[in-house]
Amino acid sequence: MSIYKNIQNSISKGEKLLAVLIDPDKFSVKNTQPFIEKVNKSIATHIFVGGSIVNEDSTEYLVTEIKKHTNLPLVLFPGDVTQITGKADALLFLSLLSGRNPAYLIGKHVEAVSKLRNTNLEVIPTGYILIESGKETAVQQVTETKPMSRNNIQVIVDTAIAGQLLGLKLIYLEAGSGANEALSQSIIEEVKQALDIPLIVGGGVKSKIQLDNAYKSGADLVVIGTAFEDNELFFDEIKSPLSSGYFPEGEK
Ligand code: 1GP
């Protein structure tokens, strides 16, 4: 079954998903086996690989190493075309809907096609929406776009709906890697209510409470990178999928 169908199935069963994000630029390949063993034992359901600034070829090498140690689906979350490798299982084909830089709306996608032609990657069209989080993020710098204001939720909702109407299959709400503040519950809630497609949330999630809050607000899949990079004990902190007191929708 495709990775996208699996995500839809999990959502229909009320399951929450967690992706551990590994940035090839910040990760030491020597640490792959012990780190991935921790991922395998954790509640993580997916591994995402990608970063804003990554040396060419390092993604393919890292993906190959990770694959030796896990059966979890490995999804590329690329900052650039150079990070596309057929060694992964799927690719988030990202359109940066929050920005107005044509390179990240269509230009890089055209460049990607010649690479994709030689792979069996599952390509998942994804609307990527960067929201301000208190400090300038790498995505902002690399893409030369501004994040959306967190105060105007209606425009964020409309942007996500526009993505869905364009036929995108996922919406990824992003506060930016290492964000000071994770996305507010109200932003997640309102976007989720407006969408029929799965919702990914990431950026600045550093505690179990923030993770649970994102799920309670409606995130179907949460992405965490920095908290694991900074402290692998975070795997122990998030042992259970949801804290007690959480009730899936309809079971309150
Ligand atoms: C970044 O959303 C991801 O693109 C994860 O962010 O590194 O802050 O967990 P963190």
# chains A, B, ... in the order shown; residues from 1 in each chain; ligands from 1
call {"tool": "residues_near_ligand", "arguments": {"ligand": "ligand 1", "cutoff": "6 Å", "atoms": "only C-alpha atoms and all ligand atoms", "output": "VMD selection string"}}
result
chain A and resid 174 176 to 179 202 to 205 223 to 227
call {"tool": "write_last_selection", "arguments": {"atoms": "C-alpha atoms", "output": "PDB file, in the first residue's frame"}}
result
ATOM      1  CA  GLU A 174       5.611  24.852   9.358  1.00  0.00           C
ATOM      2  CA  GLY A 176      10.496  26.434  10.889  1.00  0.00           C
ATOM      3  CA  SER A 177      13.188  24.154  12.241  1.00  0.00           C
ATOM      4  CA  GLY A 178      14.229  25.156  15.741  1.00  0.00           C
ATOM      5  CA  ALA A 179      11.398  27.681  15.977  1.00  0.00           C
ATOM      6  CA  GLY A 202       6.150  20.867  12.445  1.00  0.00           C
ATOM      7  CA  GLY A 203       8.646  23.311  13.847  1.00  0.00           C
ATOM      8  CA  GLY A 204       9.591  24.037  17.440  1.00  0.00           C
ATOM      9  CA  VAL A 205       7.897  21.034  19.050  1.00  0.00           C
ATOM     10  CA  VAL A 223       7.382  16.365  12.514  1.00  0.00           C
ATOM     11  CA  ILE A 224      10.139  16.726  15.113  1.00  0.00           C
ATOM     12  CA  GLY A 225      13.813  17.214  14.317  1.00  0.00           C
ATOM     13  CA  THR A 226      15.670  19.573  16.629  1.00  0.00           C
ATOM     14  CA  ALA A 227      14.405  18.093  19.905  1.00  0.00           C
TER      15      ALA A 227
END
call {"tool": "select_by_dssp", "arguments": {"residues": "region 140-180 of chain A", "states": "strand (DSSP E)", "output": "list in words"}}
result
Leu170, Ile171, Tyr172, Leu173 and Glu174 of chain A
call {"tool": "select_by_dssp", "arguments": {"residues": "region 158-227 of chain A", "states": "alpha helix (DSSP H)", "output": "ChimeraX atom specification"}}
result
/A:158-165,185-194,208-217,226-227
call {"tool": "closest_residue", "arguments": {"among": "A:Pro34, A:Leu18, A:Val123, A:Glu111", "to": "Leu72 (chain A)", "atoms": "only C-alpha atoms"}}
result
A:Leu18
call {"tool": "residues_around", "arguments": {"residues": "Met1 (chain A)", "least_positions_apart": "4", "cutoff": "12 Å", "atoms": "only C-alpha atoms", "output": "VMD selection string"}}
result
chain A and resid 5 to 9 73 89 122
call {"tool": "atom_distance", "arguments": {"atom1": "CA of Leu221 (chain A)", "atom2": "CA of His69 (chain A)"}}
result
22.4 Å
